[in-house]
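Enquirer: So here's input.csv, just CSV, N, CA and C atoms:
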chain,number,residue,atom,x,y,z
A,22,MET,N,56.8,14.4,-45.5
A,22,MET,CA,55.9,14.3,-44.4
A,22,MET,C,56.1,15.6,-43.5
A,23,ALA,N,55.0,16.1,-43.0
A,23,ALA,CA,55.0,17.3,-42.2
A,23,ALA,C,55.7,17.1,-40.9
A,24,THR,N,56.3,18.1,-40.3
A,24,THR,CA,56.8,18.0,-39.0
A,24,THR,C,55.7,18.1,-38.0
A,25,PHE,N,55.9,17.8,-36.7
A,25,PHE,CA,54.9,17.9,-35.7
A,25,PHE,C,54.4,19.4,-35.6
A,26,GLY,N,55.4,20.3,-35.7
A,26,GLY,CA,55.0,21.7,-35.7
A,26,GLY,C,54.1,22.1,-36.8
A,27,GLU,N,54.3,21.6,-38.0
A,27,GLU,CA,53.4,21.9,-39.1
A,27,GLU,C,52.1,21.3,-38.9
A,28,PHE,N,52.1,20.1,-38.4
A,28,PHE,CA,50.8,19.4,-38.1
A,28,PHE,C,50.0,20.2,-37.0
A,29,LEU,N,50.7,20.7,-36.0
A,29,LEU,CA,50.1,21.5,-35.0
A,29,LEU,C,49.5,22.8,-35.5
A,30,ARG,N,50.2,23.5,-36.4
A,30,ARG,CA,49.8,24.7,-37.0
A,30,ARG,C,48.5,24.4,-37.9
A,31,SER,N,48.6,23.4,-38.6
A,31,SER,CA,47.5,23.0,-39.5
A,31,SER,C,46.2,22.8,-38.6
A,32,GLU,N,46.4,22.0,-37.5
A,32,GLU,CA,45.2,21.8,-36.7
A,32,GLU,C,44.7,23.0,-36.0
A,33,ARG,N,45.6,23.9,-35.6
A,33,ARG,CA,45.2,25.2,-35.0
A,33,ARG,C,44.4,26.0,-36.0
A,34,ASP,N,45.0,26.1,-37.2
A,34,ASP,CA,44.3,26.9,-38.3
A,34,ASP,C,43.0,26.3,-38.6
A,35,ARG,N,42.9,25.0,-38.7
A,35,ARG,CA,41.6,24.3,-39.0
A,35,ARG,C,40.5,24.7,-38.0
A,36,LYS,N,40.9,24.9,-36.7
A,36,LYS,CA,40.0,25.2,-35.7
A,36,LYS,C,39.8,26.7,-35.6
A,37,GLY,N,40.5,27.5,-36.4
A,37,GLY,CA,40.3,29.0,-36.5
A,37,GLY,C,40.8,29.7,-35.2
A,38,LEU,N,41.8,29.1,-34.6
A,38,LEU,CA,42.3,29.7,-33.3
A,38,LEU,C,43.7,30.4,-33.5
A,39,ASN,N,43.9,31.5,-32.8
A,39,ASN,CA,45.2,32.1,-32.8
A,39,ASN,C,46.1,31.2,-31.8
A,40,GLN,N,47.4,31.5,-31.7
A,40,GLN,CA,48.3,30.8,-30.9
A,40,GLN,C,47.9,30.9,-29.4
A,41,SER,N,47.5,32.0,-29.0
A,41,SER,CA,47.1,32.2,-27.6
A,41,SER,C,45.9,31.4,-27.2
A,42,ASP,N,44.9,31.4,-28.0
A,42,ASP,CA,43.7,30.7,-27.7
A,42,ASP,C,43.9,29.2,-27.7
A,43,PHE,N,44.7,28.8,-28.7
A,43,PHE,CA,45.0,27.3,-28.9
A,43,PHE,C,45.8,26.9,-27.7
A,44,GLY,N,46.8,27.7,-27.3
A,44,GLY,CA,47.6,27.4,-26.1
A,44,GLY,C,46.8,27.2,-24.8
A,45,GLN,N,45.8,28.1,-24.7
A,45,GLN,CA,45.0,28.0,-23.5
A,45,GLN,C,44.2,26.7,-23.5
A,46,GLU,N,43.8,26.2,-24.7
A,46,GLU,CA,43.0,25.0,-24.8
A,46,GLU,C,43.9,23.8,-24.4
A,47,VAL,N,45.1,23.8,-24.8
A,47,VAL,CA,46.0,22.6,-24.6
A,47,VAL,C,47.0,22.8,-23.5
A,48,GLY,N,46.9,23.9,-22.8
A,48,GLY,CA,47.8,24.1,-21.6
A,48,GLY,C,49.2,24.5,-21.9
A,49,VAL,N,49.5,25.2,-23.0
A,49,VAL,CA,50.8,25.6,-23.3
A,49,VAL,C,50.8,27.1,-23.7
A,50,ILE,N,51.8,27.8,-23.2
A,50,ILE,CA,51.7,29.3,-23.4
A,50,ILE,C,52.0,29.6,-24.9
A,51,MET,N,51.5,30.8,-25.3
A,51,MET,CA,51.5,31.2,-26.7
A,51,MET,C,53.0,31.1,-27.2
A,52,THR,N,53.9,31.6,-26.5
A,52,THR,CA,55.3,31.7,-27.0
A,52,THR,C,55.8,30.3,-27.3
A,53,ASP,N,55.4,29.3,-26.5
A,53,ASP,CA,55.9,27.9,-26.7
A,53,ASP,C,55.1,27.3,-27.9
A,54,ILE,N,53.9,27.7,-28.1
A,54,ILE,CA,53.2,27.2,-29.3
A,54,ILE,C,53.9,27.7,-30.5
A,55,SER,N,54.3,28.9,-30.6
A,55,SER,CA,55.1,29.5,-31.7
A,55,SER,C,56.4,28.7,-31.9
A,56,LYS,N,57.1,28.5,-30.8
A,56,LYS,CA,58.4,27.7,-30.9
A,56,LYS,C,58.2,26.3,-31.4
A,57,ILE,N,57.1,25.7,-30.9
A,57,ILE,CA,56.8,24.3,-31.4
A,57,ILE,C,56.4,24.3,-32.9
A,58,GLU,N,55.6,25.2,-33.3
A,58,GLU,CA,55.2,25.3,-34.7
A,58,GLU,C,56.4,25.5,-35.6
A,59,ASN,N,57.4,26.2,-35.1
A,59,ASN,CA,58.6,26.6,-35.9
A,59,ASN,C,59.7,25.6,-35.7
A,60,GLY,N,59.5,24.5,-35.0
A,60,GLY,CA,60.5,23.5,-34.8
A,60,GLY,C,61.6,23.8,-33.8
A,61,HIS,N,61.4,24.8,-32.9
A,61,HIS,CA,62.4,25.2,-32.0
A,61,HIS,C,62.2,24.6,-30.6
A,62,LYS,N,61.1,23.9,-30.4
A,62,LYS,CA,60.8,23.3,-29.1
A,62,LYS,C,59.9,22.1,-29.3
A,63,LYS,N,60.0,21.1,-28.4
A,63,LYS,CA,59.2,20.0,-28.5
A,63,LYS,C,57.9,20.3,-27.7
A,64,PHE,N,56.8,19.6,-28.1
A,64,PHE,CA,55.5,19.8,-27.4
A,64,PHE,C,55.7,19.0,-26.0
A,65,PRO,N,55.3,19.7,-24.9
A,65,PRO,CA,55.4,19.0,-23.6
A,65,PRO,C,54.6,17.7,-23.5
A,66,TYR,N,55.4,16.7,-23.3
A,66,TYR,CA,54.8,15.3,-23.2
A,66,TYR,C,53.6,15.3,-22.2
A,67,ALA,N,53.8,16.0,-21.1
A,67,ALA,CA,52.8,16.1,-20.0
A,67,ALA,C,51.4,16.6,-20.5
A,68,ASN,N,51.4,17.4,-21.6
A,68,ASN,CA,50.2,18.0,-22.1
A,68,ASN,C,49.6,17.2,-23.3
A,69,LEU,N,50.3,16.1,-23.7
A,69,LEU,CA,49.9,15.4,-24.9
A,69,LEU,C,48.4,14.9,-24.8
A,70,GLN,N,48.0,14.4,-23.7
A,70,GLN,CA,46.6,13.9,-23.6
A,70,GLN,C,45.6,15.0,-23.7
A,71,ARG,N,45.9,16.2,-23.2
A,71,ARG,CA,45.1,17.3,-23.3
A,71,ARG,C,45.0,17.7,-24.8
A,72,LEU,N,46.1,17.7,-25.5
A,72,LEU,CA,46.1,18.0,-26.9
A,72,LEU,C,45.2,17.0,-27.7
A,73,ALA,N,45.4,15.7,-27.4
A,73,ALA,CA,44.7,14.6,-28.0
A,73,ALA,C,43.2,14.8,-27.8
A,74,ASP,N,42.8,15.1,-26.6
A,74,ASP,CA,41.4,15.3,-26.3
A,74,ASP,C,40.8,16.5,-27.1
A,75,PHE,N,41.6,17.6,-27.1
A,75,PHE,CA,41.1,18.8,-27.8
A,75,PHE,C,41.0,18.6,-29.3
A,76,LEU,N,41.9,17.9,-29.9
A,76,LEU,CA,41.9,17.6,-31.3
A,76,LEU,C,41.0,16.4,-31.7
A,77,LYS,N,40.6,15.7,-30.6
A,77,LYS,CA,39.8,14.5,-30.9
A,77,LYS,C,40.6,13.4,-31.7
A,78,LYS,N,41.9,13.3,-31.2
A,78,LYS,CA,42.8,12.3,-31.8
A,78,LYS,C,43.2,11.3,-30.8
A,79,ASP,N,43.6,10.2,-31.2
A,79,ASP,CA,44.1,9.1,-30.3
A,79,ASP,C,45.5,9.5,-29.9
A,80,ILE,N,45.7,9.5,-28.6
A,80,ILE,CA,47.0,9.9,-28.0
A,80,ILE,C,48.1,9.0,-28.5
A,81,GLU,N,47.9,7.8,-28.8
A,81,GLU,CA,48.9,6.9,-29.4
A,81,GLU,C,49.4,7.4,-30.7
A,82,GLU,N,48.4,7.9,-31.5
A,82,GLU,CA,48.8,8.4,-32.8
A,82,GLU,C,49.7,9.7,-32.7
A,83,LEU,N,49.3,10.5,-31.7
A,83,LEU,CA,50.2,11.7,-31.5
A,83,LEU,C,51.5,11.3,-30.9
A,84,LYS,N,51.6,10.3,-30.0
A,84,LYS,CA,52.9,9.9,-29.5
A,84,LYS,C,53.8,9.4,-30.6
A,85,THR,N,53.2,8.6,-31.5
A,85,THR,CA,54.0,8.0,-32.6
A,85,THR,C,54.4,9.2,-33.6
A,86,TYR,N,53.5,10.1,-33.8
A,86,TYR,CA,53.8,11.2,-34.7
A,86,TYR,C,55.0,12.1,-34.1
A,87,THR,N,54.9,12.4,-32.8
A,87,THR,CA,55.9,13.2,-32.2
A,87,THR,C,57.3,12.5,-32.2
A,88,LEU,N,57.3,11.1,-32.0
A,88,LEU,CA,58.5,10.4,-32.0
A,88,LEU,C,59.1,10.4,-33.4
A,89,ARG,N,58.3,10.3,-34.5
A,89,ARG,CA,58.8,10.3,-35.8
A,89,ARG,C,59.3,11.6,-36.3
A,90,THR,N,58.8,12.7,-35.8
A,90,THR,CA,59.2,14.0,-36.4
A,90,THR,C,60.1,14.8,-35.5
A,91,PHE,N,60.5,14.3,-34.4
A,91,PHE,CA,61.5,15.1,-33.6
A,91,PHE,C,62.9,14.4,-33.7
Could you quickly redo this structure as structure tokens?
Expert:
Amino acid sequence: MATFGEFLRSERDRKGLNQSDFGQEVGVIMTDISKIENGHKKFPYANLQRLADFLKKDIEELKTYTLRTF
């Protein structure tokens, strides 16, 4: 199973965005996106709804995913 960071990178790539542009969309700075994708930092829980909205995913699915992979 992919880590949350791998999932995030896959979704970012699918949308054709660089880390900076993706970060702006979800409210997380580029350096943190890099750290999250590489497993060095957790995605900020406060921004999870914004991420869910941007990815058109259910926030409950993302919550479960983040709990399973961290």
Enquirer: When distances are computed from only C-alpha atoms, which of A:Leu29, A:Ala73, A:Ala23, A:Leu83 shows the smallest separation from Ile57 in chain A?
Expert: A:Leu29
Enquirer: Enter the distance from CA of Glu46 in chain A to CA of Arg71 in chain A, in Å, rounded to one decimal.
Expert: 8.1 Å
Enquirer: What separation in Å, quoted to one decimal, exists between atom C of Tyr86 in chain A and CA of Leu69 in chain A?
Expert: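 Separation of atom C of Tyr86 in chain A and CA of Leu69 in chain A: 11.0 Å.
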Enquirer: Rounded to one decimal in Å, what is the spacing between atom N of Lys56 in chain A and atom N of Asp79 in chain A?
Expert: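 Atom N of Lys56 in chain A sits 22.7 Å away from atom N of Asp79 in chain A.
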Enquirer: If you run DSSP on the backbone here, which positions in chain A get alpha helix (DSSP H)? Please write them as a PyMOL selection string.
Expert: chain A and resi 25-36+40-47+51-58+69-76+80-90
Enquirer: Would you save the residues of that selection, restricted to N, CA and C atoms, as a short mmCIF file (atom, residue, chain, number, x, y, z; two decimals), in the coordinates of the input?
Expert:
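Just written: result04.cif:
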data_model
loop_
_atom_site.label_atom_id
_atom_site.label_comp_id
_atom_site.auth_asym_id
_atom_site.auth_seq_id
_atom_site.Cartn_x
_atom_site.Cartn_y
_atom_site.Cartn_z
N PHE A 25 55.90 17.80 -36.70
CA PHE A 25 54.90 17.90 -35.70
C PHE A 25 54.40 19.40 -35.60
N GLY A 26 55.40 20.30 -35.70
CA GLY A 26 55.00 21.70 -35.70
C GLY A 26 54.10 22.10 -36.80
N GLU A 27 54.30 21.60 -38.00
CA GLU A 27 53.40 21.90 -39.10
C GLU A 27 52.10 21.30 -38.90
N PHE A 28 52.10 20.10 -38.40
CA PHE A 28 50.80 19.40 -38.10
C PHE A 28 50.00 20.20 -37.00
N LEU A 29 50.70 20.70 -36.00
CA LEU A 29 50.10 21.50 -35.00
C LEU A 29 49.50 22.80 -35.50
N ARG A 30 50.20 23.50 -36.40
CA ARG A 30 49.80 24.70 -37.00
C ARG A 30 48.50 24.40 -37.90
N SER A 31 48.60 23.40 -38.60
CA SER A 31 47.50 23.00 -39.50
C SER A 31 46.20 22.80 -38.60
N GLU A 32 46.40 22.00 -37.50
CA GLU A 32 45.20 21.80 -36.70
C GLU A 32 44.70 23.00 -36.00
N ARG A 33 45.60 23.90 -35.60
CA ARG A 33 45.20 25.20 -35.00
C ARG A 33 44.40 26.00 -36.00
N ASP A 34 45.00 26.10 -37.20
CA ASP A 34 44.30 26.90 -38.30
C ASP A 34 43.00 26.30 -38.60
N ARG A 35 42.90 25.00 -38.70
CA ARG A 35 41.60 24.30 -39.00
C ARG A 35 40.50 24.70 -38.00
N LYS A 36 40.90 24.90 -36.70
CA LYS A 36 40.00 25.20 -35.70
C LYS A 36 39.80 26.70 -35.60
N GLN A 40 47.40 31.50 -31.70
CA GLN A 40 48.30 30.80 -30.90
C GLN A 40 47.90 30.90 -29.40
N SER A 41 47.50 32.00 -29.00
CA SER A 41 47.10 32.20 -27.60
C SER A 41 45.90 31.40 -27.20
N ASP A 42 44.90 31.40 -28.00
CA ASP A 42 43.70 30.70 -27.70
C ASP A 42 43.90 29.20 -27.70
N PHE A 43 44.70 28.80 -28.70
CA PHE A 43 45.00 27.30 -28.90
C PHE A 43 45.80 26.90 -27.70
N GLY A 44 46.80 27.70 -27.30
CA GLY A 44 47.60 27.40 -26.10
C GLY A 44 46.80 27.20 -24.80
N GLN A 45 45.80 28.10 -24.70
CA GLN A 45 45.00 28.00 -23.50
C GLN A 45 44.20 26.70 -23.50
N GLU A 46 43.80 26.20 -24.70
CA GLU A 46 43.00 25.00 -24.80
C GLU A 46 43.90 23.80 -24.40
N VAL A 47 45.10 23.80 -24.80
CA VAL A 47 46.00 22.60 -24.60
C VAL A 47 47.00 22.80 -23.50
N MET A 51 51.50 30.80 -25.30
CA MET A 51 51.50 31.20 -26.70
C MET A 51 53.00 31.10 -27.20
N THR A 52 53.90 31.60 -26.50
CA THR A 52 55.30 31.70 -27.00
C THR A 52 55.80 30.30 -27.30
N ASP A 53 55.40 29.30 -26.50
CA ASP A 53 55.90 27.90 -26.70
C ASP A 53 55.10 27.30 -27.90
N ILE A 54 53.90 27.70 -28.10
CA ILE A 54 53.20 27.20 -29.30
C ILE A 54 53.90 27.70 -30.50
N SER A 55 54.30 28.90 -30.60
CA SER A 55 55.10 29.50 -31.70
C SER A 55 56.40 28.70 -31.90
N LYS A 56 57.10 28.50 -30.80
CA LYS A 56 58.40 27.70 -30.90
C LYS A 56 58.20 26.30 -31.40
N ILE A 57 57.10 25.70 -30.90
CA ILE A 57 56.80 24.30 -31.40
C ILE A 57 56.40 24.30 -32.90
N GLU A 58 55.60 25.20 -33.30
CA GLU A 58 55.20 25.30 -34.70
C GLU A 58 56.40 25.50 -35.60
N LEU A 69 50.30 16.10 -23.70
CA LEU A 69 49.90 15.40 -24.90
C LEU A 69 48.40 14.90 -24.80
N GLN A 70 48.00 14.40 -23.70
CA GLN A 70 46.60 13.90 -23.60
C GLN A 70 45.60 15.00 -23.70
N ARG A 71 45.90 16.20 -23.20
CA ARG A 71 45.10 17.30 -23.30
C ARG A 71 45.00 17.70 -24.80
N LEU A 72 46.10 17.70 -25.50
CA LEU A 72 46.10 18.00 -26.90
C LEU A 72 45.20 17.00 -27.70
N ALA A 73 45.40 15.70 -27.40
CA ALA A 73 44.70 14.60 -28.00
C ALA A 73 43.20 14.80 -27.80
N ASP A 74 42.80 15.10 -26.60
CA ASP A 74 41.40 15.30 -26.30
C ASP A 74 40.80 16.50 -27.10
N PHE A 75 41.60 17.60 -27.10
CA PHE A 75 41.10 18.80 -27.80
C PHE A 75 41.00 18.60 -29.30
N LEU A 76 41.90 17.90 -29.90
CA LEU A 76 41.90 17.60 -31.30
C LEU A 76 41.00 16.40 -31.70
N ILE A 80 45.70 9.50 -28.60
CA ILE A 80 47.00 9.90 -28.00
C ILE A 80 48.10 9.00 -28.50
N GLU A 81 47.90 7.80 -28.80
CA GLU A 81 48.90 6.90 -29.40
C GLU A 81 49.40 7.40 -30.70
N GLU A 82 48.40 7.90 -31.50
CA GLU A 82 48.80 8.40 -32.80
C GLU A 82 49.70 9.70 -32.70
N LEU A 83 49.30 10.50 -31.70
CA LEU A 83 50.20 11.70 -31.50
C LEU A 83 51.50 11.30 -30.90
N LYS A 84 51.60 10.30 -30.00
CA LYS A 84 52.90 9.90 -29.50
C LYS A 84 53.80 9.40 -30.60
N THR A 85 53.20 8.60 -31.50
CA THR A 85 54.00 8.00 -32.60
C THR A 85 54.40 9.20 -33.60
N TYR A 86 53.50 10.10 -33.80
CA TYR A 86 53.80 11.20 -34.70
C TYR A 86 55.00 12.10 -34.10
N THR A 87 54.90 12.40 -32.80
CA THR A 87 55.90 13.20 -32.20
C THR A 87 57.30 12.50 -32.20
N LEU A 88 57.30 11.10 -32.00
CA LEU A 88 58.50 10.40 -32.00
C LEU A 88 59.10 10.40 -33.40
N ARG A 89 58.30 10.30 -34.50
CA ARG A 89 58.80 10.30 -35.80
C ARG A 89 59.30 11.60 -36.30
N THR A 90 58.80 12.70 -35.80
CA THR A 90 59.20 14.00 -36.40
C THR A 90 60.10 14.80 -35.50
#
Enquirer: Excluding range 61-65 of chain A and its own-chain neighbours fewer than 4 positions away, which residues fall within 8 Å of it when counting only N, CA and C atoms? Please give them as a PyMOL selection string.
Expert: chain A and resi 25-26+49+53-57+69-70+87+91
